[in-house]
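**Student:** Questions regarding the structure given below will be posed in turn.
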Amino acid sequence: MKAHQERFDGDAQIIPLNVTQHDEEPQRNPVERKIASGLAFLRRRLAGDYDVDEFGFDPEFNRSVLLPVARALYERWFRVEIFGLDNVPAKGGALIVANHSGTLPIDGIMLSVAMHDHAQRDLRLLGADLVYQVPVLGHLSRKAGHTLACHSDAARLLDKGELVGVFPEGFKGVGKPYADRYKLQRFGRGGFVETALRADVPIIPCAIVGAEEIYPKIADLKPLARLLGVPYFPVTPTFPFFGPLGLVPLPSKWMIQFGEPIPMDEYDATAADDPMTLFNLTDHVRENVQQMLYDTLLRRGSAFF
């Protein structure tokens with residue numbers, strides 16, 4: 001009996017059970033992961049399983065659809081570099097005030113990518129009424145988190161602790177001729193300063209270098225602009241002569257510089273109603289941005305290499 005038991009034990013095979021190996025899902029390659037992620041995104045959109053805030057901001061759509069397209073321009077075409085990022089607060093309300101240029105407002109899109117990818121914050125831009133009168137453009141701007149350049153919208157965003165961006169030059173900046181590149185236009189009437197004072201948030205000066213060269217504006221067809229109801233109709237070395245190809249921006253080298261925050265907490269509650277205070281602060285911010293533009297231009301060197 002003992003011999004039989006020993007013979008039985010010797011012939012027996014022990015087969016280890018690797019439960020973990022069977023329970024783990026097989027590793028997917030990057031293509032499969034992207035397809036699975038895309039299908040999950042479509043399923044959530046069709047089911048309405050996503051959040052939109054009171055301004056129409058759709059974080060998932062912005063992160064999954066809009067930003068990847070803009071990021072390709074940011075990283076591959078314009079090769080954007082940023083400086084002074086530590087001047088942007090990691091949380092809480094703040095107002096980024098930047099120069100505006102480029103014939104088409106691509107600088108706002110690049111600034112949004114910079115904030116999302118490097119500061120891990122969504123930038124809520126304040127745009128002109130015309131942007132929201134164009135059906136598709138207005139809808140996408142809302143989806144990206146942007147809203148009208150009005151005091152009420154800006155105040156609500158800042159009160160919620162959002163990072164808000166504004167271009168005080170407006171169309172005078174973005175549509176100026178190439179001969180006036182990097183020369184700041186008038187900064188409006190100081191409405192952005194009043195907004196910052198009432199919300200008690202710092203102003204972050206910002207200089208964007210590179211946008212002036214993407215569509216060098218050499219002329220303006222004003223009769224056609226009036227006919228279309230737009231501020232200007234640009235003529236560049238490539239548009240409209242090359243048709244749709246002329247809309248491809250030139251691959252200039254971009255740099256974005258953030259200056260030291262200008263605090264508003266040292267002013268009292270009546271400062272927002274004082275025209276002289278608003279004028280002085282507006283002029284101070286404008287001078288800061290202009291000097292930063294000169295410094296960043298020297299740092300960049302060649303516009304394309």
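Going by the structure tokens order, chains are called A, B, ..., each with residues numbered from 1, while ligands are numbered from 1 in the order shown.
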Can you build me a table of segment 76-120 of chain A residues sitting at most 12 Å from segment 263-269 of chain A, with the closest atom pair per residue and its distance in Å to one decimal, using only C-alpha atoms, sorted by chain and residue number, as CSV?
**Tutor:**
```
residue,atom,partner,partner_atom,distance
A:Asn87,CA,A:Pro263,CA,11.8
A:Pro89,CA,A:Pro263,CA,12.0
A:Gly93,CA,A:Pro263,CA,11.8
A:Ala94,CA,A:Pro263,CA,9.7
A:Leu95,CA,A:Pro263,CA,10.5
```
**Student:** Restrict the selected residues to C-alpha atoms and save them as a PDB file, in the first residue's frame.
**Tutor:**
```
ATOM      1  CA  ASN A  87       3.259  84.194 -12.390  1.00  0.00           C
ATOM      2  CA  PRO A  89      -1.850  81.474  -9.992  1.00  0.00           C
ATOM      3  CA  GLY A  93      -9.669  84.084  -9.947  1.00  0.00           C
ATOM      4  CA  ALA A  94      -7.241  86.115 -12.063  1.00  0.00           C
ATOM      5  CA  LEU A  95      -7.431  88.248 -15.201  1.00  0.00           C
TER       6      LEU A  95
END
```
**Student:** In segment 24-124 of chain A, what's alpha helix (DSSP H) per DSSP? Answer as a PyMOL selection string?
**Tutor:** chain A and resi 30-47+59-61+67-72+106-118
**Student:** With distances taken over only C-alpha atoms, which of A:Gly56, A:Gly175, A:Gly210, A:Pro240 is nearest to Trp77 of chain A?
**Tutor:**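 Distance minimum relative to Trp77 of chain A lands on A:Gly210.
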**Student:** From the set A:Ile96, A:Asp49, A:His116, A:Gly243, which residue has the shortest atom-to-atom contact distance to Arg63 of chain A, counting only C-alpha atoms?
**Tutor:**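 Ranked by minimum distance to Arg63 of chain A, first place goes to A:His116.
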**Student:** From the list A:Ser152, A:Thr103, A:Gln257, A:Thr195, which residue is nearest Ile208 of chain A when using only C-alpha atoms?
**Tutor:**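 Selected residue with least distance to Ile208 of chain A: A:Gln257.
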**Student:** Need to verify the contact set: Ala154 of chain A, 8 Å, only C-alpha atoms, exclusion of same-chain residues closer than 4 positions in sequence. Can you return it as a list in words?
**Tutor:**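 Contacts, with the query itself left out: Leu126, Ala149, Cys150, Leu158, Val164 and Thr195 of chain A.
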**Student:** Quick one: of A:Gly246, A:Pro202, A:Pro231, A:Pro237, who's nearest to Glu260 of chain A, counting only C-alpha atoms?
**Tutor:** A:Pro202
**Student:** Set out as a tab-separated table a contact list for segment 58-160 of chain A and segment 216-228 of chain A with a cut-off of 12 Å, giving each residue of segment 58-160 of chain A that qualifies its closest atom pair and distance in Å to one decimal, counting only C-alpha atoms, ordered by chain and rising residue number.
**Tutor:**
```
residue	atom	partner	partner_atom	distance
A:Ser101	CA	A:Pro216	CA	10.0
A:Gly102	CA	A:Pro216	CA	7.4
A:Thr103	CA	A:Lys217	CA	6.9
A:Leu104	CA	A:Lys217	CA	10.3
A:Leu130	CA	A:Leu228	CA	11.9
```
